[in-house]
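One file, entry-v4.pdb, is given below (PDB, C-alpha atoms).
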```
ATOM      1  CA  MET D 510      93.522  58.255 154.250  1.00  0.00           C
ATOM      2  CA  ILE D 511      95.946  55.324 154.184  1.00  0.00           C
ATOM      3  CA  VAL D 512      99.039  55.826 152.030  1.00  0.00           C
ATOM      4  CA  VAL D 513     101.915  53.362 151.687  1.00  0.00           C
ATOM      5  CA  ALA D 514     105.166  54.297 149.931  1.00  0.00           C
ATOM      6  CA  ASP D 515     107.888  52.422 148.128  1.00  0.00           C
ATOM      7  CA  THR D 516     111.448  53.728 148.174  1.00  0.00           C
ATOM      8  CA  THR D 517     111.839  55.455 144.809  1.00  0.00           C
ATOM      9  CA  PRO D 518     109.269  58.265 145.156  1.00  0.00           C
ATOM     10  CA  LEU D 519     110.623  59.109 148.600  1.00  0.00           C
ATOM     11  CA  ASN D 520     114.227  59.108 147.363  1.00  0.00           C
ATOM     12  CA  TYR D 521     113.543  61.441 144.457  1.00  0.00           C
ATOM     13  CA  LEU D 522     111.351  63.806 146.441  1.00  0.00           C
ATOM     14  CA  ILE D 523     114.141  64.092 149.022  1.00  0.00           C
ATOM     15  CA  LEU D 524     116.763  64.644 146.308  1.00  0.00           C
ATOM     16  CA  ILE D 525     114.820  67.493 144.691  1.00  0.00           C
ATOM     17  CA  GLY D 526     113.753  69.122 147.966  1.00  0.00           C
ATOM     18  CA  HIS D 527     110.008  68.419 147.776  1.00  0.00           C
ATOM     19  CA  ILE D 528     109.552  65.599 150.285  1.00  0.00           C
ATOM     20  CA  ASP D 529     107.393  67.803 152.526  1.00  0.00           C
ATOM     21  CA  THR D 530     104.701  68.004 149.842  1.00  0.00           C
ATOM     22  CA  LEU D 531     103.740  64.451 150.833  1.00  0.00           C
ATOM     23  CA  GLU D 532     102.464  65.548 154.236  1.00  0.00           C
ATOM     24  CA  VAL D 533     100.313  68.260 152.649  1.00  0.00           C
ATOM     25  CA  GLN D 534      98.896  65.903 150.024  1.00  0.00           C
ATOM     26  CA  PHE D 535      98.453  62.744 152.075  1.00  0.00           C
ATOM     27  CA  GLY D 536      99.042  63.400 155.780  1.00  0.00           C
ATOM     28  CA  ARG D 537     100.642  60.284 157.228  1.00  0.00           C
ATOM     29  CA  ILE D 538     102.796  57.991 155.047  1.00  0.00           C
ATOM     30  CA  LEU D 539     103.449  54.367 155.948  1.00  0.00           C
ATOM     31  CA  ILE D 540     106.521  52.464 154.824  1.00  0.00           C
ATOM     32  CA  PRO D 541     107.501  48.865 155.475  1.00  0.00           C
ATOM     33  CA  PRO D 542     110.886  48.038 157.061  1.00  0.00           C
ATOM     34  CA  ALA D 543     112.409  46.991 153.718  1.00  0.00           C
ATOM     35  CA  VAL D 544     111.793  50.489 152.307  1.00  0.00           C
ATOM     36  CA  HIS D 545     113.408  52.067 155.367  1.00  0.00           C
ATOM     37  CA  GLU D 546     116.393  49.713 155.008  1.00  0.00           C
ATOM     38  CA  GLU D 547     116.785  50.635 151.327  1.00  0.00           C
ATOM     39  CA  MET D 548     116.821  54.317 152.262  1.00  0.00           C
ATOM     40  CA  LEU D 549     119.523  53.682 154.874  1.00  0.00           C
ATOM     41  CA  ASP D 550     121.651  51.536 152.557  1.00  0.00           C
ATOM     42  CA  LEU D 551     125.196  52.814 152.033  1.00  0.00           C
ATOM     43  CA  ASN D 552     124.506  52.994 148.282  1.00  0.00           C
ATOM     44  CA  ALA D 553     121.603  55.411 148.831  1.00  0.00           C
ATOM     45  CA  PRO D 554     122.369  59.127 148.411  1.00  0.00           C
ATOM     46  CA  SER D 555     123.654  60.724 151.619  1.00  0.00           C
ATOM     47  CA  SER D 556     120.682  63.118 151.808  1.00  0.00           C
ATOM     48  CA  VAL D 557     118.281  60.159 151.641  1.00  0.00           C
ATOM     49  CA  ARG D 558     120.193  58.304 154.364  1.00  0.00           C
ATOM     50  CA  ALA D 559     120.230  61.389 156.591  1.00  0.00           C
ATOM     51  CA  TRP D 560     116.486  61.919 156.128  1.00  0.00           C
ATOM     52  CA  ALA D 561     115.722  58.241 156.841  1.00  0.00           C
ATOM     53  CA  LYS D 562     117.835  58.289 160.014  1.00  0.00           C
ATOM     54  CA  ASN D 563     115.608  61.040 161.413  1.00  0.00           C
ATOM     55  CA  PRO D 564     112.269  60.782 159.598  1.00  0.00           C
ATOM     56  CA  PRO D 565     109.528  63.361 160.148  1.00  0.00           C
ATOM     57  CA  HIS D 566     106.565  62.777 162.448  1.00  0.00           C
ATOM     58  CA  TRP D 567     104.275  61.981 159.489  1.00  0.00           C
ATOM     59  CA  LEU D 568     106.284  58.923 158.388  1.00  0.00           C
ATOM     60  CA  GLU D 569     105.560  55.627 160.127  1.00  0.00           C
ATOM     61  CA  ILE D 570     107.370  52.308 159.682  1.00  0.00           C
ATOM     62  CA  LEU D 571     104.955  49.393 159.773  1.00  0.00           C
ATOM     63  CA  SER D 572     105.489  45.719 158.918  1.00  0.00           C
ATOM     64  CA  PRO D 573     102.967  43.756 156.908  1.00  0.00           C
ATOM     65  CA  SER D 574     101.505  40.869 158.907  1.00  0.00           C
ATOM     66  CA  THR D 575     102.740  37.373 158.204  1.00  0.00           C
ATOM     67  CA  ALA D 576      99.361  36.625 156.594  1.00  0.00           C
ATOM     68  CA  HIS D 577     100.159  39.205 153.911  1.00  0.00           C
ATOM     69  CA  LYS D 578     103.650  38.237 152.836  1.00  0.00           C
ATOM     70  CA  THR D 579     103.326  37.286 149.198  1.00  0.00           C
ATOM     71  CA  LEU D 580     106.652  36.937 147.395  1.00  0.00           C
ATOM     72  CA  PHE D 581     107.071  38.606 144.025  1.00  0.00           C
ATOM     73  CA  PRO D 582     110.238  37.221 142.382  1.00  0.00           C
ATOM     74  CA  ASN D 583     110.441  40.078 139.859  1.00  0.00           C
ATOM     75  CA  LEU D 584     110.286  42.813 142.540  1.00  0.00           C
ATOM     76  CA  ASP D 585     112.803  44.025 145.092  1.00  0.00           C
ATOM     77  CA  PRO D 586     112.132  43.675 148.851  1.00  0.00           C
ATOM     78  CA  GLY D 587     110.891  47.261 149.238  1.00  0.00           C
ATOM     79  CA  GLU D 588     108.357  46.954 146.431  1.00  0.00           C
ATOM     80  CA  THR D 589     107.251  43.548 147.707  1.00  0.00           C
ATOM     81  CA  GLU D 590     106.701  44.726 151.285  1.00  0.00           C
ATOM     82  CA  ALA D 591     105.050  47.976 150.142  1.00  0.00           C
ATOM     83  CA  ILE D 592     102.544  46.082 147.988  1.00  0.00           C
ATOM     84  CA  ASN D 593     101.878  43.574 150.770  1.00  0.00           C
ATOM     85  CA  LEU D 594     101.343  46.346 153.332  1.00  0.00           C
ATOM     86  CA  ALA D 595      99.135  48.380 150.994  1.00  0.00           C
ATOM     87  CA  GLU D 596      97.040  45.320 150.227  1.00  0.00           C
ATOM     88  CA  GLU D 597      96.730  44.335 153.883  1.00  0.00           C
ATOM     89  CA  LEU D 598      95.668  47.841 154.947  1.00  0.00           C
ATOM     90  CA  ARG D 599      93.493  48.385 151.866  1.00  0.00           C
ATOM     91  CA  SER D 600      95.380  51.606 151.298  1.00  0.00           C
ATOM     92  CA  ASP D 601      93.941  54.521 149.379  1.00  0.00           C
ATOM     93  CA  TRP D 602      97.257  55.026 147.572  1.00  0.00           C
ATOM     94  CA  LEU D 603     100.507  53.208 146.943  1.00  0.00           C
ATOM     95  CA  LEU D 604     103.374  55.536 146.009  1.00  0.00           C
ATOM     96  CA  ILE D 605     105.503  53.559 143.561  1.00  0.00           C
ATOM     97  CA  ASP D 606     107.408  54.296 140.345  1.00  0.00           C
ATOM     98  CA  GLU D 607     108.777  51.059 138.902  1.00  0.00           C
ATOM     99  CA  ALA D 608     106.604  49.630 136.127  1.00  0.00           C
ATOM    100  CA  ALA D 609     106.699  46.007 137.337  1.00  0.00           C
ATOM    101  CA  GLY D 610     105.682  47.061 140.836  1.00  0.00           C
ATOM    102  CA  ARG D 611     102.898  49.318 139.572  1.00  0.00           C
ATOM    103  CA  ASP D 612     101.597  46.535 137.339  1.00  0.00           C
ATOM    104  CA  GLU D 613     101.526  44.051 140.215  1.00  0.00           C
ATOM    105  CA  ALA D 614      99.861  46.572 142.522  1.00  0.00           C
ATOM    106  CA  ARG D 615      97.169  47.302 139.949  1.00  0.00           C
ATOM    107  CA  ARG D 616      96.572  43.563 139.421  1.00  0.00           C
ATOM    108  CA  ARG D 617      95.850  43.457 143.139  1.00  0.00           C
ATOM    109  CA  GLY D 618      93.384  46.345 142.908  1.00  0.00           C
ATOM    110  CA  LEU D 619      95.643  48.977 144.465  1.00  0.00           C
ATOM    111  CA  GLN D 620      95.528  52.589 143.337  1.00  0.00           C
ATOM    112  CA  THR D 621      99.025  53.845 142.501  1.00  0.00           C
ATOM    113  CA  ILE D 622     100.683  57.188 141.973  1.00  0.00           C
ATOM    114  CA  GLY D 623     104.326  57.858 141.162  1.00  0.00           C
ATOM    115  CA  THR D 624     106.747  60.713 141.567  1.00  0.00           C
ATOM    116  CA  LEU D 625     105.455  62.544 138.491  1.00  0.00           C
ATOM    117  CA  GLY D 626     101.846  62.385 139.658  1.00  0.00           C
ATOM    118  CA  ILE D 627     102.843  63.531 143.149  1.00  0.00           C
ATOM    119  CA  LEU D 628     104.666  66.524 141.659  1.00  0.00           C
ATOM    120  CA  ARG D 629     101.741  67.348 139.351  1.00  0.00           C
ATOM    121  CA  ASN D 630      99.350  67.293 142.327  1.00  0.00           C
ATOM    122  CA  ALA D 631     101.732  69.424 144.394  1.00  0.00           C
ATOM    123  CA  HIS D 632     101.834  71.963 141.568  1.00  0.00           C
ATOM    124  CA  THR D 633      98.032  72.007 141.392  1.00  0.00           C
ATOM    125  CA  LEU D 634      97.953  72.715 145.140  1.00  0.00           C
ATOM    126  CA  GLY D 635     100.396  75.603 144.660  1.00  0.00           C
ATOM    127  CA  LEU D 636     103.202  73.865 146.540  1.00  0.00           C
ATOM    128  CA  LEU D 637     105.807  74.026 143.777  1.00  0.00           C
ATOM    129  CA  ASP D 638     106.574  75.091 140.238  1.00  0.00           C
ATOM    130  CA  LEU D 639     106.202  71.943 138.131  1.00  0.00           C
ATOM    131  CA  ARG D 640     108.649  72.959 135.407  1.00  0.00           C
ATOM    132  CA  ALA D 641     111.394  73.692 137.926  1.00  0.00           C
ATOM    133  CA  ALA D 642     110.665  70.503 139.892  1.00  0.00           C
ATOM    134  CA  LEU D 643     110.769  68.380 136.739  1.00  0.00           C
ATOM    135  CA  ALA D 644     114.072  69.967 135.704  1.00  0.00           C
ATOM    136  CA  ARG D 645     115.571  69.103 139.112  1.00  0.00           C
ATOM    137  CA  LEU D 646     114.083  65.613 138.877  1.00  0.00           C
ATOM    138  CA  LYS D 647     115.671  65.023 135.492  1.00  0.00           C
ATOM    139  CA  ASP D 648     119.015  66.370 136.790  1.00  0.00           C
ATOM    140  CA  SER D 649     118.808  63.973 139.755  1.00  0.00           C
ATOM    141  CA  GLY D 650     118.867  60.966 137.426  1.00  0.00           C
ATOM    142  CA  PHE D 651     115.141  60.193 137.243  1.00  0.00           C
ATOM    143  CA  HIS D 652     114.407  58.369 134.000  1.00  0.00           C
ATOM    144  CA  MET D 653     111.596  59.834 131.933  1.00  0.00           C
ATOM    145  CA  SER D 654     111.126  60.149 128.220  1.00  0.00           C
ATOM    146  CA  GLU D 655     110.662  63.498 126.533  1.00  0.00           C
ATOM    147  CA  ALA D 656     107.123  62.397 125.636  1.00  0.00           C
ATOM    148  CA  MET D 657     106.368  61.655 129.298  1.00  0.00           C
ATOM    149  CA  LEU D 658     107.761  65.037 130.301  1.00  0.00           C
ATOM    150  CA  GLN D 659     105.569  66.793 127.740  1.00  0.00           C
ATOM    151  CA  ASP D 660     102.495  64.807 128.802  1.00  0.00           C
ATOM    152  CA  ILE D 661     102.901  65.834 132.422  1.00  0.00           C
ATOM    153  CA  LEU D 662     103.456  69.476 131.489  1.00  0.00           C
ATOM    154  CA  ASN D 663     100.471  69.433 129.116  1.00  0.00           C
ATOM    155  CA  SER D 664      98.301  68.025 131.909  1.00  0.00           C
ATOM    156  CA  ILE D 665      98.568  71.295 133.832  1.00  0.00           C
ATOM    157  CA  LEU D 666      97.831  73.647 130.944  1.00  0.00           C
TER     158      LEU D 666
END
```
Starting from the coordinates I provided, produce the structure as structure tokens.
Amino acid sequence: MIVVADTTPLNYLILIGHIDTLEVQFGRILIPPAVHEEMLDLNAPSSVRAWAKNPPHWLEILSPSTAHKTLFPNLDPGETEAINLAEELRSDWLLIDEAAGRDEARRRGLQTIGTLGILRNAHTLGLLDLRAALARLKDSGFHMSEAMLQDILNSIL
């Protein structure tokens, strides 16, 4: 399985202590250099920077080839490189949260999943308690509407 990740899902999974569920769900995760740089940025949370400085064995940094470097003016560098890499590798999944990035990825035929879907799947696999994880996610600053929260909780009932 080929899985490429953008920055946001990784950041939030680190912040709430569930980053290791990615290895169980997907095995190896690929990120482009721009995502790694965003995680190391001084404005990133210290726990994210520390994790990115010493990533686990299942995370690999891989650059998209020059043939697959489409520019997306409405997306940040991490989203742009993640979409380019996922498209080049014909990935099974692109982990991405931002709506504009997800929309562009879907226009390109990529299958996406965000932080909420990752947590729902981890719950289904018995890796975490979804209610507790969503509470920590909300406390960490993740933006989700009450309706979205209820939809995700109703999906496991």
Evaluated on this file, the PyMOL selection byres ((chain D and resi 510) around 9) picks out some residues - which ones are they, written as JSON, numbers by chain? {"D": [511, 512, 535, 536, 537, 600, 601, 602]}
Using all atoms of stretch 642-661 of chain D that appear in the file, construct an axis-aligned enclosing box with 5 Å of padding on every side and provide its centre coordinates and edge lengths in Å, rounded to one decimal, as lines of an AutoDock Vina configuration file.
```
center_x = 110.8
center_y = 64.4
center_z = 132.8
size_x = 26.5
size_y = 22.1
size_z = 24.3
```
Choose the residue, out of D:Ala543, D:Ala514, D:Ile661, D:Leu594, that has the smallest atom-to-atom separation from D:Thr633; count only C-alpha atoms.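 So, comparing all the options, the nearest one is D:Ile661.
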Counting only C-alpha atoms, what is within 12 Å of stretch 560-577 of chain D, bar same-chain residues fewer than 2 positions away, as a count of residues only? 56
Take the PyMOL selection byres ((chain D and resi 623) around 7), run it mentally on this structure, and tell me the resulting residues as number ranges by chain. D: 518, 604-606, 621-622, 624-627
Distance in Å - atom CA of D:Pro586 versus atom CA of D:Met657: 27.2 Å
Interatomic distance, atom CA of D:Ile525 to atom CA of D:Ile665 (Å, one decimal): 19.9 Å
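Atom pair atom CA of D:Gln659 / atom CA of D:Leu643 has a distance of 10.5 Å (rounded to one decimal).
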Within 10 Å of D:Ala642, counting only C-alpha atoms, which residues show up once you throw out same-chain ones fewer than 2 positions away? Write them as a PyMOL selection string, please. chain D and resi 522+525-527+625+628-629+632+637-640+644-648
